Amino acid sequence: MSFPPLREGLQGLEPYGAPQLSLTLAPVQLNVNENPYGPSPLVVADMAAAVAAVASSLNRYPDREFVELRAALADYLAKDTPHGIRSDQIWAANGSNEVMLQLLQAFGGPGRTALSFAPTYSMYPEYARDTSTTWVEGQRADDFTLDLERAAALIGEQQPSLVLLPSPNNPTGTALPHEAISALCVEAGESCIVVIDEAYGEFRRAGTPSALELLPEQRNLVVTRTMSKAFALAGARLGYLAADPAICDAIRVVRLPYHLSAITQAVALAALRHAPELLARVDELKDERDQTVDWLRGQGLEVADSDANFALFGRFADRHAVWQGLLDRGVLIREVGPPGWLRVSIGTPAEMTIFRRALTEVLATGDTDVSKATEVSTA
């Protein structure tokens, strides 16, 4: 046996992660869907004061029930549903990644199945693998929507314990209609948890409702969010969910003791106090996204409708040649999703200007591989 004695199923695997390159190699980094706008000096000062206030008591464990933070998150989410959200419906962890892993730990496991529909978030099968949960993947339609009849049939056939559905979807940016979510919750039944991953929920277009509205009528529904995107707190690691209180109670069984540090709680609370200021930047990014989608389509490219802070575009015969051509010009985007597609995160207006200029040059190059890449589908 080779050393170290890694368990079967993990041997030879590479850890998850998007490319991380220095700013020297890629001055414009549009590959991991970060918010390009850091907190303002006012918000930074409030965060620093909040951390200083808890620093003197760091010899003590933090509030393991994070009561104040749960109440603040419930108040924040209440704006997205006419039914309100109570603090006992809230659970939080170190990023929505840990929230998802805890859901798989609590409701997945040996002999149980988790299900999603590709293209979908690439970490989902890894959560399943890490919890010894069987992973099953259906397919979305060509336009990245869900064929509800086929989706329901697969759920009925597989009888999963969890269904994981990002909305807006990553990597496509498409959102699910309420009718689809409700129908899948009913089809799954109370022996299955249906998770709607709204990591990009704040970026949805006007008229696209949040799945939070469906919580009172769908007991098996879980809606997850993160502070990494809209709140520009990717470095702070705070994700959370809203669900039936019984689901939150069940997650306590698998959570690690004192899993949310006092510093994390203090920073998140400070950010929530400044939600209006931080979300104003979201509106700017939504405008920039819509302009980017229109521009890409104007170049003859196919672009998925996006309710997120990114755009998936293609289709390229050799997407890697396009990706490399952009990187050669100092722009890093993501080679992810279905074959032939690329994903660009929405940055500042200056960054997006550089991206457009670089992509124009790449598509105009006489290189054979890249010129082939400009062929697009008429579907």
# chains A, B, ... in the order shown; residues from 1 in each chain; ligands from 1
>>> residues_around(residues="Leu13 (chain A)", least_positions_apart="5", cutoff="12 Å", atoms="only C-alpha atoms", output="PDB file with N, CA and C atoms, in the first residue's frame")
ATOM      1  N   LEU A   6      -4.456   6.752   2.047  1.00  0.00           N
ATOM      2  CA  LEU A   6      -5.695   7.453   1.713  1.00  0.00           C
ATOM      3  C   LEU A   6      -6.790   6.445   1.415  1.00  0.00           C
ATOM      4  N   ARG A   7      -8.007   6.755   1.850  1.00  0.00           N
ATOM      5  CA  ARG A   7      -9.084   5.786   1.660  1.00  0.00           C
ATOM      6  C   ARG A   7      -9.392   5.606   0.175  1.00  0.00           C
ATOM      7  N   GLU A   8      -9.929   4.437  -0.140  1.00  0.00           N
ATOM      8  CA  GLU A   8     -10.293   4.110  -1.509  1.00  0.00           C
ATOM      9  C   GLU A   8     -11.331   5.107  -2.011  1.00  0.00           C
ATOM     10  N   GLU A 126     -18.436  16.239  -5.352  1.00  0.00           N
ATOM     11  CA  GLU A 126     -17.379  16.066  -4.350  1.00  0.00           C
ATOM     12  C   GLU A 126     -17.965  16.010  -2.939  1.00  0.00           C
ATOM     13  N   ARG A 129     -19.178  12.478  -2.743  1.00  0.00           N
ATOM     14  CA  ARG A 129     -18.050  11.546  -2.582  1.00  0.00           C
ATOM     15  C   ARG A 129     -17.507  11.573  -1.167  1.00  0.00           C
TER      16      ARG A 129
END
>>> closest_atom_pairs(of="region 274-346 of chain A", to="region 21-41 of chain A", cutoff="8 Å", atoms="only C-alpha atoms", output="Markdown table")
| residue | atom | partner | partner_atom | distance |
| --- | --- | --- | --- | --- |
| A:Leu278 | CA | A:Pro39 | CA | 7.3 |
| A:Arg281 | CA | A:Tyr37 | CA | 7.4 |
| A:Asn309 | CA | A:Asn33 | CA | 6.5 |
| A:Phe310 | CA | A:Asn33 | CA | 6.5 |
| A:Leu327 | CA | A:Ala26 | CA | 6.5 |
| A:Arg329 | CA | A:Ala26 | CA | 7.9 |
| A:Gly330 | CA | A:Ala26 | CA | 4.3 |
| A:Val331 | CA | A:Val28 | CA | 4.8 |
| A:Leu332 | CA | A:Gln29 | CA | 4.9 |
| A:Ile333 | CA | A:Asn31 | CA | 4.1 |
| A:Arg334 | CA | A:Asn31 | CA | 4.7 |
| A:Arg343 | CA | A:Asn31 | CA | 7.3 |
| A:Val344 | CA | A:Leu30 | CA | 5.7 |
| A:Ser345 | CA | A:Leu30 | CA | 4.6 |
| A:Ile346 | CA | A:Leu30 | CA | 6.7 |
>>> residues_around(residues="region 224-231 of chain A", least_positions_apart="5", cutoff="7 Å", atoms="only C-alpha atoms", output="short mmCIF file (atom, residue, chain, number, x, y, z; two decimals) with N, CA and C atoms, in the first residue's frame")
data_model
loop_
_atom_site.label_atom_id
_atom_site.label_comp_id
_atom_site.auth_asym_id
_atom_site.auth_seq_id
_atom_site.Cartn_x
_atom_site.Cartn_y
_atom_site.Cartn_z
N GLU A 34 -15.97 36.47 -8.03
CA GLU A 34 -15.84 37.35 -6.87
C GLU A 34 -16.52 38.69 -7.15
N ASN A 35 -16.86 39.39 -6.10
CA ASN A 35 -17.31 40.77 -6.20
C ASN A 35 -16.06 41.64 -6.36
N GLY A 95 -18.88 29.46 4.95
CA GLY A 95 -19.13 29.43 3.52
C GLY A 95 -20.26 28.48 3.18
N SER A 96 -20.93 28.72 2.05
CA SER A 96 -22.00 27.81 1.65
C SER A 96 -21.46 26.43 1.33
N ILE A 196 -32.21 24.44 -2.91
CA ILE A 196 -32.07 25.46 -3.94
C ILE A 196 -30.93 26.38 -3.52
N ASP A 197 -29.85 26.30 -4.25
CA ASP A 197 -28.61 27.01 -3.94
C ASP A 197 -28.67 28.40 -4.58
N GLU A 198 -28.95 29.41 -3.76
CA GLU A 198 -29.06 30.78 -4.25
C GLU A 198 -27.81 31.59 -3.91
N ALA A 199 -26.65 31.01 -4.17
CA ALA A 199 -25.40 31.73 -3.90
C ALA A 199 -25.37 33.07 -4.64
N TYR A 200 -26.02 33.13 -5.80
CA TYR A 200 -26.03 34.35 -6.61
C TYR A 200 -27.41 35.01 -6.59
N GLU A 202 -28.86 37.40 -5.03
CA GLU A 202 -29.02 38.86 -5.04
C GLU A 202 -28.83 39.46 -6.43
N ARG A 237 -15.76 33.92 4.64
CA ARG A 237 -16.34 32.57 4.69
C ARG A 237 -17.58 32.52 5.58
N LEU A 238 -18.69 32.98 5.04
CA LEU A 238 -19.96 32.88 5.76
C LEU A 238 -21.06 32.52 4.77
N GLY A 239 -21.58 31.30 4.92
CA GLY A 239 -22.72 30.85 4.14
C GLY A 239 -23.85 30.50 5.08
N TYR A 240 -25.07 30.44 4.57
CA TYR A 240 -26.20 30.18 5.47
C TYR A 240 -27.35 29.59 4.69
N LEU A 241 -28.36 29.11 5.39
CA LEU A 241 -29.54 28.55 4.75
C LEU A 241 -30.79 28.96 5.53
N ALA A 242 -31.91 28.86 4.85
CA ALA A 242 -33.22 29.03 5.48
C ALA A 242 -34.03 27.77 5.19
N LEU A 278 -23.66 47.96 0.48
CA LEU A 278 -23.02 46.86 -0.23
C LEU A 278 -23.88 46.39 -1.40
N LEU A 279 -25.18 46.35 -1.22
CA LEU A 279 -26.06 45.87 -2.29
C LEU A 279 -26.20 46.88 -3.41
N VAL A 282 -24.20 45.72 -6.07
CA VAL A 282 -24.82 44.62 -6.80
C VAL A 282 -25.60 45.15 -7.99
#
>>> select_by_dssp(residues="region 51-290 of chain A", states="helix (DSSP H, G or I)", output="mmCIF file with N, CA and C atoms, in the first residue's frame")
data_model
loop_
_atom_site.group_PDB
_atom_site.id
_atom_site.type_symbol
_atom_site.label_atom_id
_atom_site.label_comp_id
_atom_site.auth_asym_id
_atom_site.auth_seq_id
_atom_site.Cartn_x
_atom_site.Cartn_y
_atom_site.Cartn_z
ATOM 1 N N VAL A 51 -14.326 43.486 15.283
ATOM 2 C CA VAL A 51 -13.316 42.485 15.618
ATOM 3 C C VAL A 51 -12.562 42.884 16.881
ATOM 4 N N ALA A 52 -12.229 44.162 17.000
ATOM 5 C CA ALA A 52 -11.537 44.635 18.200
ATOM 6 C C ALA A 52 -12.385 44.402 19.450
ATOM 7 N N ALA A 53 -13.697 44.548 19.302
ATOM 8 C CA ALA A 53 -14.584 44.393 20.455
ATOM 9 C C ALA A 53 -14.608 42.955 20.979
ATOM 10 N N VAL A 54 -14.437 41.983 20.070
ATOM 11 C CA VAL A 54 -14.458 40.582 20.520
ATOM 12 C C VAL A 54 -13.059 40.053 20.817
ATOM 13 N N ALA A 55 -12.029 40.803 20.422
ATOM 14 C CA ALA A 55 -10.661 40.294 20.560
ATOM 15 C C ALA A 55 -10.282 39.992 21.999
ATOM 16 N N VAL A 67 -26.675 33.263 17.961
ATOM 17 C CA VAL A 67 -28.059 33.750 18.077
ATOM 18 C C VAL A 67 -28.228 35.112 17.414
ATOM 19 N N GLU A 68 -27.324 36.045 17.711
ATOM 20 C CA GLU A 68 -27.460 37.391 17.147
ATOM 21 C C GLU A 68 -27.336 37.359 15.628
ATOM 22 N N LEU A 69 -26.388 36.569 15.121
ATOM 23 C CA LEU A 69 -26.192 36.493 13.676
ATOM 24 C C LEU A 69 -27.397 35.859 12.991
ATOM 25 N N ARG A 70 -27.953 34.821 13.566
ATOM 26 C CA ARG A 70 -29.124 34.183 12.963
ATOM 27 C C ARG A 70 -30.291 35.157 12.888
ATOM 28 N N ALA A 71 -30.481 35.943 13.918
ATOM 29 C CA ALA A 71 -31.564 36.932 13.904
ATOM 30 C C ALA A 71 -31.330 37.975 12.810
ATOM 31 N N ALA A 72 -30.082 38.417 12.671
ATOM 32 C CA ALA A 72 -29.764 39.425 11.652
ATOM 33 C C ALA A 72 -29.935 38.859 10.243
ATOM 34 N N LEU A 73 -29.536 37.605 10.025
ATOM 35 C CA LEU A 73 -29.707 36.975 8.718
ATOM 36 C C LEU A 73 -31.186 36.793 8.389
ATOM 37 N N ALA A 74 -31.974 36.423 9.407
ATOM 38 C CA ALA A 74 -33.415 36.273 9.192
ATOM 39 C C ALA A 74 -34.041 37.607 8.781
ATOM 40 N N ASP A 75 -33.647 38.693 9.447
ATOM 41 C CA ASP A 75 -34.159 40.023 9.100
ATOM 42 C C ASP A 75 -33.768 40.387 7.669
ATOM 43 N N TYR A 76 -32.547 40.063 7.294
ATOM 44 C CA TYR A 76 -32.079 40.381 5.944
ATOM 45 C C TYR A 76 -32.871 39.612 4.888
ATOM 46 N N LEU A 77 -33.081 38.311 5.099
ATOM 47 C CA LEU A 77 -33.789 37.496 4.111
ATOM 48 C C LEU A 77 -35.266 37.842 4.023
ATOM 49 N N ALA A 78 -35.827 38.408 5.073
ATOM 50 C CA ALA A 78 -37.269 38.696 5.108
ATOM 51 C C ALA A 78 -37.714 39.586 3.955
ATOM 52 N N LYS A 79 -36.789 40.383 3.407
ATOM 53 C CA LYS A 79 -37.163 41.276 2.311
ATOM 54 C C LYS A 79 -37.469 40.516 1.025
ATOM 55 N N ASP A 80 -37.056 39.250 0.948
ATOM 56 C CA ASP A 80 -37.241 38.462 -0.270
ATOM 57 C C ASP A 80 -38.436 37.531 -0.213
ATOM 58 N N SER A 87 -35.634 33.370 13.065
ATOM 59 C CA SER A 87 -34.243 32.998 13.331
ATOM 60 C C SER A 87 -34.068 31.494 13.495
ATOM 61 N N ASP A 88 -35.125 30.780 13.947
ATOM 62 C CA ASP A 88 -34.976 29.328 14.095
ATOM 63 C C ASP A 88 -35.035 28.605 12.756
ATOM 64 N N GLN A 89 -35.249 29.362 11.660
ATOM 65 C CA GLN A 89 -35.190 28.798 10.314
ATOM 66 C C GLN A 89 -33.818 28.985 9.676
ATOM 67 N N GLY A 95 -18.885 29.462 4.945
ATOM 68 C CA GLY A 95 -19.132 29.434 3.516
ATOM 69 C C GLY A 95 -20.265 28.478 3.181
ATOM 70 N N SER A 96 -20.926 28.715 2.047
ATOM 71 C CA SER A 96 -22.002 27.811 1.654
ATOM 72 C C SER A 96 -21.464 26.431 1.327
ATOM 73 N N ASN A 97 -20.155 26.317 1.074
ATOM 74 C CA ASN A 97 -19.553 24.989 0.888
ATOM 75 C C ASN A 97 -19.730 24.133 2.132
ATOM 76 N N GLU A 98 -19.469 24.704 3.315
ATOM 77 C CA GLU A 98 -19.634 23.927 4.542
ATOM 78 C C GLU A 98 -21.110 23.666 4.821
ATOM 79 N N VAL A 99 -21.979 24.618 4.485
ATOM 80 C CA VAL A 99 -23.411 24.389 4.634
ATOM 81 C C VAL A 99 -23.829 23.177 3.812
ATOM 82 N N MET A 100 -23.385 23.124 2.563
ATOM 83 C CA MET A 100 -23.725 22.001 1.686
ATOM 84 C C MET A 100 -23.162 20.687 2.219
ATOM 85 N N LEU A 101 -21.926 20.726 2.668
ATOM 86 C CA LEU A 101 -21.321 19.506 3.196
ATOM 87 C C LEU A 101 -22.092 19.016 4.416
ATOM 88 N N GLN A 102 -22.503 19.930 5.288
ATOM 89 C CA GLN A 102 -23.284 19.534 6.459
ATOM 90 C C GLN A 102 -24.626 18.923 6.052
ATOM 91 N N LEU A 103 -25.243 19.457 5.004
ATOM 92 C CA LEU A 103 -26.494 18.876 4.523
ATOM 93 C C LEU A 103 -26.280 17.442 4.037
ATOM 94 N N LEU A 104 -25.168 17.219 3.326
ATOM 95 C CA LEU A 104 -24.861 15.861 2.862
ATOM 96 C C LEU A 104 -24.514 14.949 4.024
ATOM 97 N N GLN A 105 -23.822 15.483 5.033
ATOM 98 C CA GLN A 105 -23.499 14.678 6.208
ATOM 99 C C GLN A 105 -24.766 14.270 6.961
ATOM 100 N N ALA A 106 -25.720 15.187 7.025
ATOM 101 C CA ALA A 106 -26.925 14.928 7.804
ATOM 102 C C ALA A 106 -27.934 14.062 7.054
ATOM 103 N N PHE A 107 -28.080 14.293 5.744
ATOM 104 C CA PHE A 107 -29.158 13.639 5.003
ATOM 105 C C PHE A 107 -28.671 12.681 3.917
ATOM 106 N N TYR A 124 -20.663 19.744 -6.167
ATOM 107 C CA TYR A 124 -21.706 18.861 -5.644
ATOM 108 C C TYR A 124 -21.285 17.393 -5.619
ATOM 109 N N PRO A 125 -20.756 16.839 -6.715
ATOM 110 C CA PRO A 125 -20.344 15.434 -6.645
ATOM 111 C C PRO A 125 -19.226 15.191 -5.639
ATOM 112 N N GLU A 126 -18.436 16.239 -5.352
ATOM 113 C CA GLU A 126 -17.379 16.066 -4.350
ATOM 114 C C GLU A 126 -17.965 16.010 -2.939
ATOM 115 N N TYR A 127 -19.005 16.788 -2.674
ATOM 116 C CA TYR A 127 -19.684 16.664 -1.379
ATOM 117 C C TYR A 127 -20.231 15.245 -1.219
ATOM 118 N N ALA A 128 -20.815 14.738 -2.292
ATOM 119 C CA ALA A 128 -21.370 13.378 -2.247
ATOM 120 C C ALA A 128 -20.267 12.357 -2.009
ATOM 121 N N ARG A 129 -19.178 12.478 -2.743
ATOM 122 C CA ARG A 129 -18.050 11.546 -2.582
ATOM 123 C C ARG A 129 -17.507 11.573 -1.167
ATOM 124 N N ASP A 130 -17.345 12.763 -0.609
ATOM 125 C CA ASP A 130 -16.738 12.896 0.717
ATOM 126 C C ASP A 130 -17.629 12.345 1.826
ATOM 127 N N LEU A 148 -39.059 19.490 -16.921
ATOM 128 C CA LEU A 148 -39.679 19.119 -15.651
ATOM 129 C C LEU A 148 -40.164 17.674 -15.640
ATOM 130 N N GLU A 149 -40.704 17.228 -16.747
ATOM 131 C CA GLU A 149 -41.214 15.856 -16.811
ATOM 132 C C GLU A 149 -40.082 14.847 -16.658
ATOM 133 N N ARG A 150 -38.968 15.083 -17.361
ATOM 134 C CA ARG A 150 -37.821 14.179 -17.265
ATOM 135 C C ARG A 150 -37.174 14.260 -15.881
ATOM 136 N N ALA A 151 -37.112 15.466 -15.315
ATOM 137 C CA ALA A 151 -36.512 15.634 -13.986
ATOM 138 C C ALA A 151 -37.324 14.883 -12.936
ATOM 139 N N ALA A 152 -38.647 15.033 -13.008
ATOM 140 C CA ALA A 152 -39.515 14.345 -12.048
ATOM 141 C C ALA A 152 -39.400 12.831 -12.204
ATOM 142 N N ALA A 153 -39.292 12.374 -13.447
ATOM 143 C CA ALA A 153 -39.168 10.930 -13.690
ATOM 144 C C ALA A 153 -37.878 10.386 -13.083
ATOM 145 N N LEU A 154 -36.774 11.149 -13.202
ATOM 146 C CA LEU A 154 -35.499 10.694 -12.644
ATOM 147 C C LEU A 154 -35.565 10.662 -11.118
ATOM 148 N N ILE A 155 -36.201 11.646 -10.523
ATOM 149 C CA ILE A 155 -36.364 11.643 -9.067
ATOM 150 C C ILE A 155 -37.196 10.442 -8.629
ATOM 151 N N GLY A 156 -38.260 10.179 -9.360
ATOM 152 C CA GLY A 156 -39.091 9.030 -9.022
ATOM 153 C C GLY A 156 -38.350 7.711 -9.165
ATOM 154 N N GLU A 157 -37.479 7.640 -10.159
ATOM 155 C CA GLU A 157 -36.704 6.413 -10.394
ATOM 156 C C GLU A 157 -35.613 6.216 -9.356
ATOM 157 N N GLN A 158 -34.900 7.283 -9.009
ATOM 158 C CA GLN A 158 -33.729 7.176 -8.140
ATOM 159 C C GLN A 158 -34.067 7.275 -6.657
ATOM 160 N N HIS A 178 -40.655 29.194 -10.107
ATOM 161 C CA HIS A 178 -41.304 28.650 -8.914
ATOM 162 C C HIS A 178 -42.045 27.346 -9.197
ATOM 163 N N GLU A 179 -42.688 27.270 -10.379
ATOM 164 C CA GLU A 179 -43.460 26.069 -10.690
ATOM 165 C C GLU A 179 -42.578 24.831 -10.691
ATOM 166 N N ALA A 180 -41.364 24.970 -11.222
ATOM 167 C CA ALA A 180 -40.449 23.831 -11.272
ATOM 168 C C ALA A 180 -40.004 23.421 -9.870
ATOM 169 N N ILE A 181 -39.675 24.397 -9.042
ATOM 170 C CA ILE A 181 -39.224 24.091 -7.682
ATOM 171 C C ILE A 181 -40.327 23.396 -6.901
ATOM 172 N N SER A 182 -41.545 23.948 -6.974
ATOM 173 C CA SER A 182 -42.663 23.352 -6.242
ATOM 174 C C SER A 182 -42.951 21.940 -6.717
ATOM 175 N N ALA A 183 -42.939 21.748 -8.032
ATOM 176 C CA ALA A 183 -43.232 20.426 -8.575
ATOM 177 C C ALA A 183 -42.193 19.398 -8.146
ATOM 178 N N LEU A 184 -40.925 19.794 -8.127
ATOM 179 C CA LEU A 184 -39.874 18.859 -7.729
ATOM 180 C C LEU A 184 -39.936 18.567 -6.229
ATOM 181 N N CYS A 185 -40.293 19.557 -5.423
ATOM 182 C CA CYS A 185 -40.461 19.307 -3.985
ATOM 183 C C CYS A 185 -41.576 18.292 -3.739
ATOM 184 N N VAL A 186 -42.655 18.430 -4.481
ATOM 185 C CA VAL A 186 -43.769 17.498 -4.329
ATOM 186 C C VAL A 186 -43.369 16.105 -4.808
ATOM 187 N N GLU A 187 -42.702 16.046 -5.942
ATOM 188 C CA GLU A 187 -42.276 14.750 -6.477
ATOM 189 C C GLU A 187 -41.303 14.062 -5.524
ATOM 190 N N ALA A 188 -40.394 14.836 -4.935
ATOM 191 C CA ALA A 188 -39.386 14.256 -4.041
ATOM 192 C C ALA A 188 -40.020 13.750 -2.745
ATOM 193 N N GLY A 201 -28.202 34.693 -5.571
ATOM 194 C CA GLY A 201 -29.586 35.144 -5.530
ATOM 195 C C GLY A 201 -29.767 36.645 -5.614
ATOM 196 N N GLU A 202 -28.864 37.403 -5.030
ATOM 197 C CA GLU A 202 -29.019 38.865 -5.038
ATOM 198 C C GLU A 202 -28.826 39.462 -6.432
ATOM 199 N N PHE A 203 -28.253 38.687 -7.349
ATOM 200 C CA PHE A 203 -27.987 39.200 -8.697
ATOM 201 C C PHE A 203 -29.109 38.885 -9.682
ATOM 202 N N ALA A 211 -36.615 31.535 -4.100
ATOM 203 C CA ALA A 211 -37.276 30.318 -3.615
ATOM 204 C C ALA A 211 -37.692 30.442 -2.159
ATOM 205 N N LEU A 212 -37.207 31.473 -1.463
ATOM 206 C CA LEU A 212 -37.618 31.696 -0.077
ATOM 207 C C LEU A 212 -39.136 31.829 0.034
ATOM 208 N N GLU A 213 -39.763 32.331 -1.001
ATOM 209 C CA GLU A 213 -41.215 32.507 -0.976
ATOM 210 C C GLU A 213 -41.964 31.181 -0.815
ATOM 211 N N LEU A 214 -41.312 30.081 -1.177
ATOM 212 C CA LEU A 214 -41.979 28.777 -1.182
ATOM 213 C C LEU A 214 -41.805 28.004 0.124
ATOM 214 N N PRO A 245 -37.439 24.639 10.744
ATOM 215 C CA PRO A 245 -36.590 24.520 11.944
ATOM 216 C C PRO A 245 -36.130 23.095 12.225
ATOM 217 N N ALA A 246 -36.915 22.095 11.849
ATOM 218 C CA ALA A 246 -36.507 20.706 12.083
ATOM 219 C C ALA A 246 -35.260 20.352 11.289
ATOM 220 N N ILE A 247 -35.113 20.942 10.095
ATOM 221 C CA ILE A 247 -33.917 20.697 9.289
ATOM 222 C C ILE A 247 -32.706 21.341 9.954
ATOM 223 N N CYS A 248 -32.874 22.560 10.456
ATOM 224 C CA CYS A 248 -31.766 23.227 11.161
ATOM 225 C C CYS A 248 -31.350 22.422 12.388
ATOM 226 N N ASP A 249 -32.312 21.903 13.116
ATOM 227 C CA ASP A 249 -32.001 21.092 14.292
ATOM 228 C C ASP A 249 -31.222 19.838 13.907
ATOM 229 N N ALA A 250 -31.578 19.228 12.775
ATOM 230 C CA ALA A 250 -30.896 18.007 12.348
ATOM 231 C C ALA A 250 -29.430 18.273 12.013
ATOM 232 N N ILE A 251 -29.164 19.441 11.451
ATOM 233 C CA ILE A 251 -27.781 19.761 11.074
ATOM 234 C C ILE A 251 -26.894 19.898 12.304
ATOM 235 N N ALA A 262 -15.844 33.633 16.649
ATOM 236 C CA ALA A 262 -16.368 34.931 17.099
ATOM 237 C C ALA A 262 -16.025 36.024 16.098
ATOM 238 N N ILE A 263 -14.870 35.927 15.456
ATOM 239 C CA ILE A 263 -14.462 36.933 14.470
ATOM 240 C C ILE A 263 -15.351 36.864 13.236
ATOM 241 N N THR A 264 -15.617 35.651 12.758
ATOM 242 C CA THR A 264 -16.515 35.497 11.611
ATOM 243 C C THR A 264 -17.882 36.084 11.909
ATOM 244 N N GLN A 265 -18.412 35.791 13.079
ATOM 245 C CA GLN A 265 -19.727 36.315 13.442
ATOM 246 C C GLN A 265 -19.718 37.839 13.510
ATOM 247 N N ALA A 266 -18.664 38.412 14.087
ATOM 248 C CA ALA A 266 -18.585 39.869 14.227
ATOM 249 C C ALA A 266 -18.507 40.551 12.858
ATOM 250 N N VAL A 267 -17.692 40.002 11.961
ATOM 251 C CA VAL A 267 -17.540 40.594 10.627
ATOM 252 C C VAL A 267 -18.848 40.496 9.845
ATOM 253 N N ALA A 268 -19.510 39.336 9.916
ATOM 254 C CA ALA A 268 -20.775 39.165 9.193
ATOM 255 C C ALA A 268 -21.837 40.125 9.703
ATOM 256 N N LEU A 269 -21.912 40.299 11.014
ATOM 257 C CA LEU A 269 -22.886 41.232 11.578
ATOM 258 C C LEU A 269 -22.605 42.667 11.132
ATOM 259 N N ALA A 270 -21.339 43.036 11.087
ATOM 260 C CA ALA A 270 -20.985 44.380 10.625
ATOM 261 C C ALA A 270 -21.401 44.571 9.166
ATOM 262 N N ALA A 271 -21.165 43.558 8.326
ATOM 263 C CA ALA A 271 -21.551 43.657 6.917
ATOM 264 C C ALA A 271 -23.060 43.804 6.768
ATOM 265 N N LEU A 272 -23.809 43.059 7.556
ATOM 266 C CA LEU A 272 -25.271 43.145 7.482
ATOM 267 C C LEU A 272 -25.773 44.528 7.890
ATOM 268 N N ARG A 273 -25.059 45.180 8.797
ATOM 269 C CA ARG A 273 -25.452 46.541 9.179
ATOM 270 C C ARG A 273 -25.321 47.511 8.008
ATOM 271 N N ALA A 275 -25.800 46.580 4.737
ATOM 272 C CA ALA A 275 -26.366 45.901 3.568
ATOM 273 C C ALA A 275 -26.781 46.866 2.449
ATOM 274 N N PRO A 276 -27.472 47.967 2.730
ATOM 275 C CA PRO A 276 -27.881 48.859 1.623
ATOM 276 C C PRO A 276 -26.692 49.365 0.803
ATOM 277 N N GLU A 277 -25.620 49.748 1.480
ATOM 278 C CA GLU A 277 -24.447 50.240 0.752
ATOM 279 C C GLU A 277 -23.817 49.144 -0.096
ATOM 280 N N LEU A 278 -23.662 47.958 0.484
ATOM 281 C CA LEU A 278 -23.016 46.864 -0.231
ATOM 282 C C LEU A 278 -23.875 46.387 -1.404
ATOM 283 N N LEU A 279 -25.184 46.354 -1.225
ATOM 284 C CA LEU A 279 -26.057 45.869 -2.288
ATOM 285 C C LEU A 279 -26.205 46.884 -3.414
ATOM 286 N N ALA A 280 -25.882 48.143 -3.162
ATOM 287 C CA ALA A 280 -25.882 49.131 -4.241
ATOM 288 C C ALA A 280 -24.868 48.742 -5.304
ATOM 289 N N ARG A 281 -23.762 48.156 -4.884
ATOM 290 C CA ARG A 281 -22.767 47.674 -5.837
ATOM 291 C C ARG A 281 -23.311 46.508 -6.661
ATOM 292 N N VAL A 282 -24.199 45.720 -6.071
ATOM 293 C CA VAL A 282 -24.821 44.618 -6.796
ATOM 294 C C VAL A 282 -25.599 45.150 -7.990
ATOM 295 N N ASP A 283 -26.322 46.242 -7.799
ATOM 296 C CA ASP A 283 -27.074 46.842 -8.899
ATOM 297 C C ASP A 283 -26.139 47.273 -10.030
ATOM 298 N N GLU A 284 -24.979 47.813 -9.678
ATOM 299 C CA GLU A 284 -24.000 48.197 -10.690
ATOM 300 C C GLU A 284 -23.509 46.973 -11.460
ATOM 301 N N LEU A 285 -23.255 45.887 -10.750
ATOM 302 C CA LEU A 285 -22.762 44.673 -11.390
ATOM 303 C C LEU A 285 -23.829 44.042 -12.285
ATOM 304 N N LYS A 286 -25.089 44.127 -11.883
ATOM 305 C CA LYS A 286 -26.169 43.609 -12.722
ATOM 306 C C LYS A 286 -26.247 44.390 -14.035
ATOM 307 N N ASP A 287 -26.096 45.698 -13.963
ATOM 308 C CA ASP A 287 -26.093 46.505 -15.184
ATOM 309 C C ASP A 287 -24.920 46.124 -16.087
ATOM 310 N N GLU A 288 -23.759 45.959 -15.460
ATOM 311 C CA GLU A 288 -22.568 45.589 -16.236
ATOM 312 C C GLU A 288 -22.736 44.199 -16.849
ATOM 313 N N ARG A 289 -23.354 43.281 -16.106
ATOM 314 C CA ARG A 289 -23.623 41.937 -16.640
ATOM 315 C C ARG A 289 -24.503 42.008 -17.882
ATOM 316 N N ASP A 290 -25.592 42.763 -17.782
ATOM 317 C CA ASP A 290 -26.522 42.847 -18.905
ATOM 318 C C ASP A 290 -25.841 43.465 -20.125
#
>>> select_by_dssp(residues="region 154-374 of chain A", states="strand (DSSP E or B)", output="number ranges by chain")
A: 162-166, 193-197, 221-226, 239-243, 302-303, 310-314, 331-332, 334, 342-345
>>> residues_around(residues="Phe355 (chain A)", least_positions_apart="2", cutoff="8 Å", atoms="only C-alpha atoms", output="number ranges by chain")
A: 28, 326, 331, 351-353, 357-359
>>> write_last_selection(atoms="N, CA and C atoms", output="short mmCIF file (atom, residue, chain, number, x, y, z; two decimals), in the first residue's frame")
data_model
loop_
_atom_site.label_atom_id
_atom_site.label_comp_id
_atom_site.auth_asym_id
_atom_site.auth_seq_id
_atom_site.Cartn_x
_atom_site.Cartn_y
_atom_site.Cartn_z
N VAL A 28 -6.14 41.11 -14.89
CA VAL A 28 -7.61 41.14 -14.85
C VAL A 28 -8.10 39.72 -14.57
N LEU A 326 -6.92 34.81 -24.23
CA LEU A 326 -7.26 35.86 -23.26
C LEU A 326 -6.18 35.96 -22.18
N VAL A 331 -5.91 38.48 -19.21
CA VAL A 331 -7.28 38.33 -18.72
C VAL A 331 -7.53 36.86 -18.40
N GLU A 351 -12.32 46.74 -16.03
CA GLU A 351 -11.93 45.35 -16.28
C GLU A 351 -12.70 44.76 -17.46
N MET A 352 -13.99 45.06 -17.55
CA MET A 352 -14.79 44.50 -18.64
C MET A 352 -14.40 45.12 -19.98
N THR A 353 -13.95 46.37 -19.97
CA THR A 353 -13.45 46.99 -21.20
C THR A 353 -12.22 46.25 -21.69
N ARG A 357 -11.88 44.07 -25.20
CA ARG A 357 -10.80 44.34 -26.15
C ARG A 357 -9.98 43.08 -26.41
N ALA A 358 -9.67 42.34 -25.35
CA ALA A 358 -8.87 41.13 -25.50
C ALA A 358 -9.62 40.07 -26.30
N LEU A 359 -10.91 39.89 -26.00
CA LEU A 359 -11.68 38.87 -26.72
C LEU A 359 -11.82 39.24 -28.19
#
